[in-house]
Amino acid sequence: MKITKTQLRQIIKEERQKLLAEQHGYDADNALIEFANAFARMDRTMQEQVTSLIEPWVETGSEPGALDEEFVDAVMQLNPRIIEGAVRMLVGPLDLLLRAGENDDARAMLDILQAAATLNEEM
């Protein structure tokens, strides 16, 4: 019996989620709820600005670099406190999503927030 790469990845992902749930009490659903709760705790302005920063790169699948002119412009339009607050509130839940095996959008969002925070510190 042959197993495709996709099937193997799915098996690994499921087993990884089971191990995480056993060890840490987290599974993908719990981690997603943690992220949703953290996002909901942000005020509306913060939610809108974070969404406007993250959405273009998550939708296209590209990763912004600190030197990407469009990304720098997007960060400069945001209130620096918004970036700091978003990083403080969302990095933990995003990290839980990554550990629970939900890594596509979570990785992109985490990278974007961290790049924005670094750029914000340099300004």
# chains A, B, ... in the order shown; residues from 1 in each chain; ligands from 1

call {"tool": "residues_around", "arguments": {"residues": "stretch 109-113 of chain A", "least_positions_apart": "2", "cutoff": "12 Å", "atoms": "only C-alpha atoms", "output": "ChimeraX atom specification"}}
result
/A:35,49-59,61-66,68,71-72,74-75,80,82-98,102-107,115-120

call {"tool": "atom_distance", "arguments": {"atom1": "atom CA of A:Gln7", "atom2": "atom CA of A:Gly101"}}
result
15.2 Å

call {"tool": "atom_distance", "arguments": {"atom1": "atom CA of A:Ile33", "atom2": "atom CA of A:Ala100"}}
result
12.0 Å

call {"tool": "atom_distance", "arguments": {"atom1": "atom CA of A:Gln47", "atom2": "atom CA of A:Gln77"}}
result
14.5 Å

call {"tool": "select_by_dssp", "arguments": {"residues": "stretch 37-92 of chain A", "states": "helix (DSSP H, G or I)", "output": "ChimeraX atom specification"}}
result
/A:37-41,44-60,69-76,80-92
